[in-house]
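Structure data (mmCIF, C-alpha atoms) from protein-v6.cif:
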data_data
#
loop_
_atom_site.label_atom_id
_atom_site.label_comp_id
_atom_site.auth_asym_id
_atom_site.auth_seq_id
_atom_site.Cartn_x
_atom_site.Cartn_y
_atom_site.Cartn_z
CA MET A 1 80.12 126.72 99.32
CA ASN A 2 78.10 127.39 96.20
CA ALA A 3 76.39 124.85 93.99
CA ALA A 4 78.89 124.88 91.14
CA ASP A 5 81.78 124.16 93.47
CA GLU A 6 79.86 121.30 95.06
CA VAL A 7 79.06 119.72 91.69
CA MET A 8 82.66 120.11 90.60
CA ASP A 9 83.74 118.25 93.74
CA ILE A 10 81.45 115.27 93.27
CA CYS A 11 82.26 115.03 89.55
CA LEU A 12 85.99 114.95 90.20
CA LEU A 13 85.60 112.53 93.11
CA ALA A 14 83.59 110.18 90.91
CA GLY A 15 86.16 110.50 88.14
CA GLU A 16 89.07 109.91 90.47
CA ILE A 17 87.55 106.73 91.90
CA MET A 18 86.71 105.36 88.47
CA LEU A 19 90.12 106.11 86.97
CA THR A 20 92.01 104.77 89.99
CA TYR A 21 90.17 101.49 90.11
CA GLY A 22 90.30 100.57 86.46
CA ALA A 23 87.57 102.22 84.37
CA GLU A 24 88.13 103.00 80.72
CA THR A 25 88.93 106.61 79.80
CA TYR A 26 85.82 107.11 77.70
CA ARG A 27 83.65 105.96 80.61
CA VAL A 28 85.20 108.53 82.95
CA GLU A 29 84.76 111.37 80.45
CA GLU A 30 81.20 110.41 79.58
CA THR A 31 80.17 109.98 83.21
CA LEU A 32 81.59 113.34 84.27
CA GLU A 33 80.06 115.21 81.34
CA ARG A 34 76.67 113.62 81.98
CA MET A 35 76.75 114.43 85.67
CA ALA A 36 77.72 118.06 85.09
CA ARG A 37 75.01 118.49 82.44
CA ALA A 38 72.43 116.86 84.68
CA ALA A 39 73.27 119.43 87.36
CA GLY A 40 72.35 122.14 84.87
CA PHE A 41 75.71 123.43 83.67
CA THR A 42 76.60 124.22 80.10
CA ASN A 43 79.74 124.17 77.99
CA VAL A 44 80.91 121.01 79.77
CA HIS A 45 84.27 119.62 78.73
CA CYS A 46 86.25 116.82 80.24
CA PHE A 47 89.70 115.62 79.29
CA THR A 48 91.07 112.48 80.85
CA THR A 49 94.34 110.67 80.49
CA THR A 50 95.60 107.69 82.45
CA THR A 51 97.10 109.94 85.13
CA GLY A 52 94.77 112.90 85.47
CA ILE A 53 91.36 114.44 84.86
CA PHE A 54 90.51 117.97 83.70
CA LEU A 55 86.94 119.20 83.95
CA SER A 56 85.56 122.58 82.99
CA PHE A 57 82.03 123.98 82.80
CA GLU A 58 80.09 127.22 82.87
CA GLU A 59 77.51 128.07 85.49
CA ARG A 60 75.60 130.49 83.27
CA LYS A 61 76.40 132.71 80.31
CA GLY A 62 78.57 135.69 81.23
CA LYS A 63 79.86 134.20 84.46
CA GLU A 64 83.37 132.88 84.63
CA ASP A 65 84.05 129.28 83.71
CA LEU A 66 85.06 126.81 86.37
CA MET A 67 88.02 124.60 85.68
CA GLN A 68 89.72 122.08 87.91
CA MET A 69 91.94 119.08 87.62
CA VAL A 70 92.86 116.08 89.75
CA ARG A 71 95.98 114.05 89.48
CA VAL A 72 95.59 110.26 89.74
CA ASP A 73 98.71 108.58 91.05
CA ASP A 74 97.63 105.06 91.83
CA ARG A 75 96.05 102.67 89.45
CA MET A 76 94.59 99.58 91.08
CA GLN A 77 92.03 97.02 90.05
CA ASP A 78 88.71 97.01 91.84
CA LEU A 79 85.94 96.73 89.30
CA ASN A 80 83.31 96.70 92.04
CA LYS A 81 84.00 100.36 92.85
CA VAL A 82 83.72 101.29 89.18
CA THR A 83 80.34 99.58 89.03
CA GLU A 84 79.12 101.37 92.15
CA VAL A 85 80.21 104.81 90.94
CA ASN A 86 78.50 104.02 87.65
CA GLN A 87 75.31 103.31 89.58
CA VAL A 88 75.57 106.55 91.57
CA SER A 89 76.12 108.60 88.41
CA ARG A 90 73.14 106.93 86.75
CA GLU A 91 70.90 107.76 89.69
CA PHE A 92 72.27 111.31 89.91
CA THR A 93 71.72 111.91 86.20
CA SER A 94 68.14 110.72 86.35
CA GLY A 95 67.48 113.02 89.29
CA GLU A 96 66.98 110.39 92.00
CA LEU A 97 69.90 111.68 94.07
CA THR A 98 70.60 115.20 95.30
CA VAL A 99 74.12 116.60 95.22
CA GLU A 100 74.62 115.98 98.96
CA GLU A 101 73.39 112.41 98.77
CA ALA A 102 75.62 111.70 95.81
CA HIS A 103 78.59 113.17 97.66
CA GLU A 104 77.89 110.95 100.67
CA ARG A 105 77.57 107.82 98.54
CA LEU A 106 80.80 108.60 96.66
CA GLU A 107 82.70 109.27 99.89
CA SER A 108 81.58 105.93 101.32
CA ILE A 109 82.64 104.14 98.11
CA TYR A 110 85.99 105.96 98.21
CA HIS A 111 86.71 104.84 101.77
CA SER A 112 85.24 101.36 101.58
CA PRO A 113 87.67 98.44 101.64
CA VAL A 114 88.06 95.92 98.82
CA ASN A 115 84.93 93.94 98.06
CA TYR A 116 86.43 90.60 99.06
CA PRO A 117 88.59 89.80 102.12
CA ILE A 118 92.30 89.48 101.41
CA TRP A 119 92.50 85.77 102.31
CA LEU A 120 89.79 85.07 99.74
CA ILE A 121 91.81 86.91 97.11
CA HIS A 122 94.88 84.78 97.87
CA LEU A 123 92.74 81.65 97.74
CA ALA A 124 91.20 82.80 94.44
CA ALA A 125 94.67 83.41 93.01
CA GLY A 126 95.53 79.82 93.95
CA VAL A 127 92.41 78.43 92.28
CA ALA A 128 93.06 80.51 89.17
CA GLY A 129 96.70 79.36 89.07
CA GLY A 130 95.77 75.71 89.45
CA GLY A 131 93.04 75.90 86.84
CA PHE A 132 95.21 77.61 84.28
CA SER A 133 98.12 75.22 84.80
CA TYR A 134 95.75 72.44 83.75
CA LEU A 135 94.36 74.42 80.80
CA PHE A 136 97.87 75.11 79.52
CA GLY A 137 98.54 71.38 79.31
CA GLY A 138 99.49 70.29 82.81
CA GLY A 139 98.14 67.14 84.43
CA LEU A 140 95.74 66.73 87.34
CA GLY A 141 98.76 66.09 89.59
CA ASP A 142 99.98 69.62 88.86
CA LEU A 143 96.89 71.29 90.32
CA LEU A 144 98.13 71.28 93.90
CA PRO A 145 101.69 72.61 93.32
CA ALA A 146 100.34 75.29 90.97
CA PHE A 147 97.80 76.24 93.65
CA ILE A 148 100.52 76.57 96.31
CA ALA A 149 102.87 78.50 94.02
CA ALA A 150 100.12 80.88 92.91
CA VAL A 151 99.11 81.56 96.53
CA ALA A 152 102.77 82.26 97.32
CA ALA A 153 102.99 84.70 94.40
CA SER A 154 99.77 86.45 95.42
CA VAL A 155 100.80 86.79 99.09
CA ALA A 156 104.21 88.07 98.00
CA LEU A 157 102.63 90.65 95.69
CA VAL A 158 100.32 92.03 98.38
CA GLU A 159 102.88 92.02 101.20
CA PHE A 160 105.71 93.52 99.15
CA GLU A 161 103.41 96.23 97.92
CA ARG A 162 102.34 96.98 101.48
CA TYR A 163 105.89 97.48 102.71
CA LEU A 164 107.88 98.56 99.66
CA LYS A 165 105.12 100.58 97.98
CA VAL A 166 106.89 100.13 94.65
CA ARG A 167 104.66 98.37 92.22
CA PHE A 168 107.13 97.04 89.72
CA ALA A 169 109.53 95.78 92.38
CA ALA A 170 106.61 94.01 94.08
CA GLU A 171 105.60 92.36 90.81
CA LEU A 172 109.16 91.28 90.15
CA ALA A 173 109.50 89.85 93.65
CA ALA A 174 106.14 88.09 93.40
CA ALA A 175 107.06 86.47 90.09
CA PHE A 176 110.44 85.46 91.51
CA LEU A 177 108.90 83.87 94.61
CA GLY A 178 106.13 82.17 92.64
CA GLY A 179 108.63 80.70 90.21
CA SER A 180 110.99 79.63 93.01
CA ALA A 181 108.12 77.97 94.88
CA ALA A 182 107.13 76.09 91.73
CA ILE A 183 110.72 74.92 91.13
CA PHE A 184 111.06 73.85 94.77
CA LEU A 185 107.76 71.89 94.71
CA VAL A 186 108.78 70.03 91.57
CA PHE A 187 112.22 69.40 93.09
CA ILE A 188 110.74 67.66 96.15
CA GLY A 189 108.56 65.53 93.88
CA LEU A 190 105.19 67.32 94.07
CA GLY A 191 104.05 67.89 90.49
CA PHE A 192 105.65 66.94 87.19
CA ASN A 193 105.32 69.61 84.48
CA LEU A 194 107.46 72.46 85.73
CA ASP A 195 106.64 74.80 82.82
CA GLN A 196 102.88 74.50 83.27
CA ILE A 197 103.12 74.94 87.03
CA ILE A 198 105.16 78.12 86.61
CA ILE A 199 102.75 79.52 84.01
CA GLY A 200 99.81 78.76 86.28
CA SER A 201 101.41 80.42 89.26
CA LEU A 202 102.10 83.57 87.21
CA MET A 203 98.63 83.90 85.68
CA PRO A 204 97.17 85.82 88.67
CA LEU A 205 99.78 88.54 88.06
CA VAL A 206 98.74 89.10 84.43
CA PRO A 207 97.71 92.77 83.83
CA GLY A 208 94.27 91.95 82.44
CA VAL A 209 92.56 95.24 83.28
CA PRO A 210 95.11 97.66 81.73
CA LEU A 211 95.41 95.48 78.62
CA THR A 212 91.69 95.39 77.93
CA ASN A 213 91.33 99.07 78.71
CA ALA A 214 94.21 99.94 76.39
CA VAL A 215 92.42 98.31 73.46
CA ARG A 216 89.16 100.04 74.32
CA ASP A 217 90.81 103.46 74.74
CA LEU A 218 92.75 103.26 71.50
CA LEU A 219 89.63 102.29 69.59
CA SER A 220 87.48 105.08 70.99
CA GLY A 221 90.07 107.67 70.02
CA ASP A 222 91.69 108.30 73.41
CA LEU A 223 95.07 107.69 71.84
CA LEU A 224 97.14 109.20 74.63
CA ALA A 225 95.41 107.24 77.37
CA GLY A 226 95.41 104.06 75.30
CA MET A 227 99.12 104.21 74.62
CA SER A 228 100.02 104.92 78.23
CA ARG A 229 97.83 102.09 79.49
CA GLY A 230 99.40 99.75 76.96
CA VAL A 231 102.85 100.75 78.16
CA GLU A 232 101.75 100.16 81.76
CA ALA A 233 100.63 96.64 80.89
CA LEU A 234 103.90 96.07 79.02
CA MET A 235 105.98 97.19 82.01
CA THR A 236 104.07 94.85 84.31
CA SER A 237 104.64 92.00 81.87
CA LEU A 238 108.33 92.85 81.69
CA SER A 239 108.75 92.89 85.47
CA ILE A 240 106.98 89.53 85.73
CA ALA A 241 109.21 88.15 82.97
CA SER A 242 112.39 89.39 84.64
CA GLY A 243 111.30 87.99 88.00
CA ILE A 244 110.69 84.56 86.60
CA ALA A 245 113.82 84.70 84.43
CA LEU A 246 115.83 85.45 87.54
CA SER A 247 114.46 82.46 89.45
CA ILE A 248 114.95 80.13 86.48
CA SER A 249 118.53 81.17 85.85
CA LEU A 250 119.33 80.90 89.57
CA PHE A 251 117.76 77.53 90.32
CA ILE A 252 117.83 75.51 87.12
CA MET B 1 85.21 63.74 79.84
CA ASN B 2 88.36 65.72 79.28
CA LEU B 3 86.29 68.65 78.05
CA LEU B 4 84.13 68.44 81.17
CA ILE B 5 87.13 68.66 83.50
CA GLU B 6 88.48 71.57 81.45
CA SER B 7 85.14 73.39 81.60
CA VAL B 8 84.88 72.98 85.37
CA LEU B 9 88.46 74.14 85.87
CA THR B 10 87.95 77.11 83.53
CA PHE B 11 84.85 78.09 85.48
CA ALA B 12 86.70 77.87 88.81
CA ALA B 13 89.76 79.70 87.48
CA ILE B 14 87.71 82.54 85.97
CA ILE B 15 85.76 82.99 89.20
CA GLY B 16 89.11 83.10 91.00
CA PHE B 17 90.21 85.83 88.61
CA GLY B 18 86.93 87.64 89.12
CA ILE B 19 87.67 87.78 92.84
CA ILE B 20 91.20 89.05 92.17
CA PHE B 21 89.80 91.87 90.00
CA SER B 22 87.03 92.40 92.58
CA VAL B 23 84.17 91.93 90.13
CA PRO B 24 80.81 92.65 91.83
CA ARG B 25 79.11 89.55 93.25
CA ARG B 26 76.20 89.48 90.82
CA ALA B 27 78.61 89.36 87.86
CA LEU B 28 80.97 86.67 89.21
CA LEU B 29 79.07 83.59 88.03
CA LEU B 30 78.14 85.24 84.73
CA GLY B 31 81.81 85.97 84.06
CA GLY B 32 82.67 82.35 84.81
CA GLY B 33 79.98 81.21 82.40
CA ILE B 34 81.29 83.48 79.64
CA GLY B 35 84.79 82.13 80.28
CA VAL B 36 83.58 78.55 79.80
CA VAL B 37 81.81 79.48 76.56
CA THR B 38 85.00 81.19 75.35
CA TRP B 39 87.04 78.11 76.12
CA LEU B 40 84.54 75.83 74.33
CA VAL B 41 84.52 78.08 71.24
CA LEU B 42 88.33 78.06 71.22
CA GLN B 43 88.42 74.26 71.47
CA THR B 44 85.75 73.88 68.77
CA GLY B 45 87.64 76.25 66.48
CA THR B 46 90.86 74.31 66.92
CA ALA B 47 89.02 71.00 66.47
CA ILE B 48 87.54 71.97 63.11
CA GLY B 49 90.99 72.93 61.89
CA ALA B 50 91.06 76.72 62.21
CA SER B 51 94.46 78.21 63.01
CA SER B 52 94.95 79.29 66.60
CA VAL B 53 94.71 82.98 65.66
CA ILE B 54 91.37 82.56 63.88
CA ALA B 55 90.01 80.41 66.70
CA THR B 56 91.09 83.08 69.19
CA VAL B 57 89.36 85.84 67.21
CA MET B 58 86.17 83.80 67.13
CA ALA B 59 86.32 83.04 70.84
CA SER B 60 87.14 86.62 71.77
CA LEU B 61 84.32 87.95 69.58
CA THR B 62 81.87 85.53 71.21
CA ALA B 63 82.99 86.51 74.70
CA ALA B 64 82.77 90.24 74.01
CA THR B 65 79.36 89.94 72.34
CA ILE B 66 77.87 88.01 75.26
CA ALA B 67 79.51 90.46 77.67
CA HIS B 68 77.97 93.46 75.88
CA LEU B 69 74.49 91.90 75.82
CA LEU B 70 74.55 90.84 79.47
CA ALA B 71 76.12 94.10 80.67
CA LYS B 72 73.28 96.03 79.09
CA LYS B 73 70.75 93.75 80.74
CA ILE B 74 72.06 93.86 84.31
CA ARG B 75 73.40 97.42 83.97
CA ILE B 76 77.06 97.12 84.86
CA PRO B 77 80.19 98.28 82.98
CA VAL B 78 81.09 95.93 80.13
CA THR B 79 84.65 95.43 81.38
CA THR B 80 83.45 93.56 84.48
CA LEU B 81 82.22 90.82 82.14
CA SER B 82 84.53 91.06 79.14
CA ILE B 83 87.77 90.82 81.14
CA PRO B 84 86.82 87.46 82.75
CA GLY B 85 85.45 86.39 79.37
CA ILE B 86 88.71 86.76 77.45
CA LEU B 87 91.00 85.42 80.18
CA PRO B 88 91.07 81.81 78.88
CA LEU B 89 92.60 83.18 75.67
CA VAL B 90 95.56 84.98 77.28
CA PRO B 91 98.72 83.56 75.67
CA GLY B 92 100.44 82.97 79.01
CA SER B 93 102.05 79.76 77.83
CA ARG B 94 103.64 81.32 74.74
CA ALA B 95 104.78 84.39 76.65
CA TYR B 96 106.50 82.10 79.15
CA PHE B 97 108.27 80.11 76.45
CA THR B 98 109.37 83.36 74.79
CA MET B 99 111.04 84.37 78.03
CA LEU B 100 112.50 80.88 78.54
CA SER B 101 114.03 80.83 75.05
CA PHE B 102 115.65 84.20 75.57
CA VAL B 103 117.03 83.11 78.94
CA GLU B 104 118.53 80.01 77.37
CA GLY B 105 120.08 82.05 74.57
CA GLU B 106 117.94 80.64 71.76
CA TYR B 107 117.05 83.97 70.26
CA ILE B 108 115.51 82.77 66.98
CA GLN B 109 113.22 80.38 68.85
CA GLY B 110 112.38 83.18 71.27
CA LEU B 111 111.47 85.56 68.46
CA GLU B 112 109.23 82.89 66.97
CA TYR B 113 107.38 82.44 70.25
CA GLY B 114 107.31 86.20 70.72
CA VAL B 115 105.65 86.77 67.35
CA GLU B 116 103.11 84.05 68.17
CA THR B 117 102.39 85.75 71.49
CA MET B 118 101.87 89.11 69.81
CA LEU B 119 99.58 87.58 67.18
CA GLN B 120 97.55 85.86 69.85
CA ALA B 121 97.21 89.09 71.83
CA GLY B 122 96.31 90.91 68.62
CA ALA B 123 93.63 88.31 67.93
CA ILE B 124 92.05 88.92 71.33
CA ALA B 125 92.08 92.66 70.64
CA ALA B 126 90.55 92.10 67.19
CA GLY B 127 87.66 90.16 68.70
CA LEU B 128 87.04 92.88 71.29
CA VAL B 129 87.21 95.57 68.60
CA LEU B 130 84.77 93.74 66.32
CA ALA B 131 82.22 93.30 69.10
CA LEU B 132 82.60 96.90 70.19
CA SER B 133 82.09 98.10 66.63
CA ILE B 134 78.92 96.04 66.30
CA PHE B 135 77.52 97.49 69.51
CA SER B 136 78.50 101.06 68.53
CA PHE B 137 76.63 101.07 65.20
CA GLY B 138 74.67 104.29 64.97
CA LYS B 139 76.16 105.73 68.14
CA GLY B 140 79.45 106.47 66.43
CA ILE B 141 83.00 105.84 67.51
CA GLY B 142 86.26 106.97 65.93
CA ASN B 143 84.76 108.58 62.82
CA ARG B 144 86.78 109.57 59.78
CA TYR B 145 84.30 111.41 57.58
CA GLU B 146 81.77 114.05 58.53
CA THR B 147 78.93 112.31 56.81
CA GLY B 148 76.38 114.09 58.95
CA HIS B 149 76.85 117.41 57.12
#
Final C-alpha cells representation of the file:
Amino acid sequence: MNAADEVMDICLLAGEIMLTYGAETYRVEETLERMARAAGFTNVHCFTTTTGIFLSFEERKGKEDLMQMVRVDDRMQDLNKVTEVNQVSREFTSGELTVEEAHERLESIYHSPVNYPIWLIHLAAGVAGGGFSYLFGGGLGDLLPAFIAAVAASVALVEFERYLKVRFAAELAAAFLGGSAAIFLVFIGLGFNLDQIIIGSLMPLVPGVPLTNAVRDLLSGDLLAGMSRGVEALMTSLSIASGIALSISLFI
Amino acid sequence: MNLLIESVLTFAAIIGFGIIFSVPRRALLLGGGIGVVTWLVLQTGTAIGASSVIATVMASLTAATIAHLLAKKIRIPVTTLSIPGILPLVPGSRAYFTMLSFVEGEYIQGLEYGVETMLQAGAIAAGLVLALSIFSFGKGIGNRYETGH
C-alpha cells in the first residue's frame, strides 16, 4: 500500500469517528484538511455533511488526484472519542506521530467502549433527572421519584435501542416508560408535583449535542449540515413529545 | 439557602449529563462548574428584573465565553464544555407544557408556550453565537465582503 492511500485511510477513519460521535462539521473538515496537509499533500479539499465525508487531495503535480468518501450512518454521543481523535490529529500534525502510529491509535479509539460503564450512565441520568425536576420548580420530596423515573427512561432507551435498533422508536418508548413511571410513582403517593417529575425524567433524553452542533454549523456556513442536524434534534424532540403525550392521555 | 441547594443540585445534574454525553474525565467537574455559573447568572438576571429571554442570553453568553477560554487552556473541543454549560437553560419545562396544552386541546395556550419555548431556545443560540463571534475575531467566519482584496 502506498503512502497516499495510507494517509487517506487514517484521515477518513478520524473523520468518521468524529462525525459519528458528535463533532461539529467544521471541526471534521478542518481536522482532515490539516492532517492531509501535514502529510505533505496539496490541493486538499474536504466536504462534510451530517451523513458523509468526501476528501480529495493530490500527491504531487501531474499525478492523478485521490478522492474517497465514507458514509456515516450512526450518530451517537460520545464526546470523549471526539476529544481523543482531536488529540491524535494534533500530535500527527505537529509531527510527533507517524502514519502507522496514528492509524493504531485511531483504531483503538474506534473499537474502545464508552468511557463510562453503562450502570454509571443510568445512575447519572437519574441524578440529572432528579436535579432538573428540582430546578424546574419541584420540591425536595420530588427528587426520589424523578430519580427513579429518569433511570427507568434511561434503561428503556438503551435496552430498546439494543434490541429494536430503531432510534426514534426507542426514544418514543423511553419517554413513554419514563412518563408512565412518573405517573405511577405519584399515584402511589411518592412525590407531589407530577409535571416537574415528568420533566425531570425526560431531561436525560434531550438532544443536547445535535442542537448545539446545529447552531455552530449554521453559523460557520455549513448550511446543509446545520439544517440536517437541526431536523435531527427536532425529530428526537417530537418522538419524546409523542411518547409522553401517549402516556399522559392513557393514564390521566 | 435556597440558592445553595439549587447550586449543588445543578452541579450534580450537570455532572450527570456530562456522564451521559461521555465528556472526558478532566472536563467533567469544569462543566459542572460552568453549569452552576450559568444558573447563577440566570437567577441574577431574573432577580434584577430582566425578561427571561434577556437573562437567558446573558447566561448563555457567559457559559460559552468561559467554555471557550477553558477549552483553549486545557486543549479540548469547545463542545465538551459548552454543552454542559448551557444545559441549565434548556426550556424543558415550557416544551413540556406546550405538549400538555396540545394534548388537552388548548391550542391557543399551547401556541403561547410553544412561542416561549422557541424564544428561549433562540436566546441560548444567540448567546452561543455571540461568544463564538467574539472568539473568531480576526480568524474569520461566515464573511460577506471580500475586504481582503
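Minimum atom-to-atom distances from B:Val57, B:Ala27, B:Ile76, B:Leu4 to Leu128 in chain B were compared using all atoms listed in the file, and the lowest value belongs to B:Val57.
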Among B:Val8, B:Ile19, B:Gly85, B:Phe137, Leu120 in chain A is approached most closely, using only C-alpha atoms, by B:Ile19
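Summary of the local environment: counting all atoms listed in the file, residues at most 6 Å from range 177-182 of chain A, other than itself and those fewer than 5 positions away along its chain, are A:Ala149, A:Ala152, A:Ala153, A:Ile198, A:Ile244, A:Ser247.
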Requested in this report: Using all atoms listed in the file, find which residues of chain A lie within 7 Å of chain B and jot them down as a ChimeraX atom specification.
Outcome: /A:77-80,83,115-116,121,124-125,127-128,131-132,135-136,199,203-204,208-209,212,215,219-221,241,245
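Distances to Gly32 in chain B were evaluated for B:Gln120, B:Gly105, B:Ala131, B:Leu81 using all atoms listed in the file, and the minimum falls at B:Leu81.
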Given the file shown, enumerate the residues that the PyMOL selection byres ((chain A and resi 5) around 12) captures and present them as JSON, numbers by chain. {"A": [1, 2, 3, 4, 6, 7, 8, 9, 10, 11, 12, 36, 39, 41, 55, 56, 57, 58, 59, 65, 66, 67, 68, 99]}
Would you mind exporting C-alpha atoms of the selected residues as a compact mmCIF listing (two decimals), keeping the file's coordinate frame?
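Result file part_4.txt:
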# COMPACT_ATOMS: atom_id res chain seq x y z
CA MET A 1 80.12 126.72 99.32
CA ASN A 2 78.10 127.39 96.20
CA ALA A 3 76.39 124.85 93.99
CA ALA A 4 78.89 124.88 91.14
CA GLU A 6 79.86 121.30 95.06
CA VAL A 7 79.06 119.72 91.69
CA MET A 8 82.66 120.11 90.60
CA ASP A 9 83.74 118.25 93.74
CA ILE A 10 81.45 115.27 93.27
CA CYS A 11 82.26 115.03 89.55
CA LEU A 12 85.99 114.95 90.20
CA ALA A 36 77.72 118.06 85.09
CA ALA A 39 73.27 119.43 87.36
CA PHE A 41 75.71 123.43 83.67
CA LEU A 55 86.94 119.20 83.95
CA SER A 56 85.56 122.58 82.99
CA PHE A 57 82.03 123.98 82.80
CA GLU A 58 80.09 127.22 82.87
CA GLU A 59 77.51 128.07 85.49
CA ASP A 65 84.05 129.28 83.71
CA LEU A 66 85.06 126.81 86.37
CA MET A 67 88.02 124.60 85.68
CA GLN A 68 89.72 122.08 87.91
CA VAL A 99 74.12 116.60 95.22
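Candidate residues A:Ser94, A:Val114, A:Ala38, A:Leu144 were compared for distance to Gly189 in chain A, and the nearest is A:Leu144, using only C-alpha atoms.
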Expected axis-aligned box over every listed atom of range 132-135 of chain B, 6 Å added per side, centre plus edges in Å to one decimal, as lines of an AutoDock Vina configuration file:
center_x = 80.1
center_y = 97.1
center_z = 68.2
size_x = 17.1
size_y = 14.1
size_z = 15.9
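The residues caught by the PyMOL selection byres ((chain A and resi 211) around 9) in this file are Pro207, Gly208, Val209, Pro210, Thr212, Asn213, Ala214, Val215, Arg216, Arg229, Gly230, Glu232, Ala233 and Leu234 of chain A.
Neighbouring residues of range 49-52 of chain B at 10 Å or closer, counting all atoms listed in the file and skipping chain neighbours under 4 positions away, are Leu42, Gln43, Thr44, Gly45, Thr56, Val57, Met58, Glu116, Leu119, Gln120 and Ala123 of chain B.
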Export, as a PDB file, in the coordinates of the input, the selected residues with C-alpha atoms.
ATOM      1  CA  LEU B  42      88.330  78.060  71.220  1.00  0.00           C
ATOM      2  CA  GLN B  43      88.420  74.260  71.470  1.00  0.00           C
ATOM      3  CA  THR B  44      85.750  73.880  68.770  1.00  0.00           C
ATOM      4  CA  GLY B  45      87.640  76.250  66.480  1.00  0.00           C
ATOM      5  CA  THR B  56      91.090  83.080  69.190  1.00  0.00           C
ATOM      6  CA  VAL B  57      89.360  85.840  67.210  1.00  0.00           C
ATOM      7  CA  MET B  58      86.170  83.800  67.130  1.00  0.00           C
ATOM      8  CA  GLU B 116     103.110  84.050  68.170  1.00  0.00           C
ATOM      9  CA  LEU B 119      99.580  87.580  67.180  1.00  0.00           C
ATOM     10  CA  GLN B 120      97.550  85.860  69.850  1.00  0.00           C
ATOM     11  CA  ALA B 123      93.630  88.310  67.930  1.00  0.00           C
TER      12      ALA B 123
END
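Separating CA of Ile248 in chain A from CA of Tyr134 in chain A is a distance of 20.9 Å.
In this model, the gap between CA of Ala225 in chain A and CA of Arg105 in chain A comes to 27.7 Å.
The two atoms in question, CA of Leu32 in chain A and CA of Gly62 in chain A, are spaced 22.8 Å apart.
In terms of minimum interatomic distance to Asn86 in chain A, A:Thr31 ranks closest within A:Ser249, A:Ser237, A:Thr25, A:Thr31, counting only C-alpha atoms.
Taken over the whole file, the PyMOL selection byres ((chain B and resi 65) around 10) covers exactly Ile34, Ala59, Ser60, Leu61, Thr62, Ala63, Ala64, Ile66, Ala67, His68, Leu69, Leu70, Ala71, Val78, Ser82, Gly85, Gly127, Leu128, Leu130, Ala131, Leu132, Ile134 and Phe135 of chain B.
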If you keep C-alpha atoms, can you produce a file of those selected residues as a PDB file, keeping the file's coordinate frame?
ATOM      1  CA  ILE B  34      81.290  83.480  79.640  1.00  0.00           C
ATOM      2  CA  ALA B  59      86.320  83.040  70.840  1.00  0.00           C
ATOM      3  CA  SER B  60      87.140  86.620  71.770  1.00  0.00           C
ATOM      4  CA  LEU B  61      84.320  87.950  69.580  1.00  0.00           C
ATOM      5  CA  THR B  62      81.870  85.530  71.210  1.00  0.00           C
ATOM      6  CA  ALA B  63      82.990  86.510  74.700  1.00  0.00           C
ATOM      7  CA  ALA B  64      82.770  90.240  74.010  1.00  0.00           C
ATOM      8  CA  ILE B  66      77.870  88.010  75.260  1.00  0.00           C
ATOM      9  CA  ALA B  67      79.510  90.460  77.670  1.00  0.00           C
ATOM     10  CA  HIS B  68      77.970  93.460  75.880  1.00  0.00           C
ATOM     11  CA  LEU B  69      74.490  91.900  75.820  1.00  0.00           C
ATOM     12  CA  LEU B  70      74.550  90.840  79.470  1.00  0.00           C
ATOM     13  CA  ALA B  71      76.120  94.100  80.670  1.00  0.00           C
ATOM     14  CA  VAL B  78      81.090  95.930  80.130  1.00  0.00           C
ATOM     15  CA  SER B  82      84.530  91.060  79.140  1.00  0.00           C
ATOM     16  CA  GLY B  85      85.450  86.390  79.370  1.00  0.00           C
ATOM     17  CA  GLY B 127      87.660  90.160  68.700  1.00  0.00           C
ATOM     18  CA  LEU B 128      87.040  92.880  71.290  1.00  0.00           C
ATOM     19  CA  LEU B 130      84.770  93.740  66.320  1.00  0.00           C
ATOM     20  CA  ALA B 131      82.220  93.300  69.100  1.00  0.00           C
ATOM     21  CA  LEU B 132      82.600  96.900  70.190  1.00  0.00           C
ATOM     22  CA  ILE B 134      78.920  96.040  66.300  1.00  0.00           C
ATOM     23  CA  PHE B 135      77.520  97.490  69.510  1.00  0.00           C
TER      24      PHE B 135
END
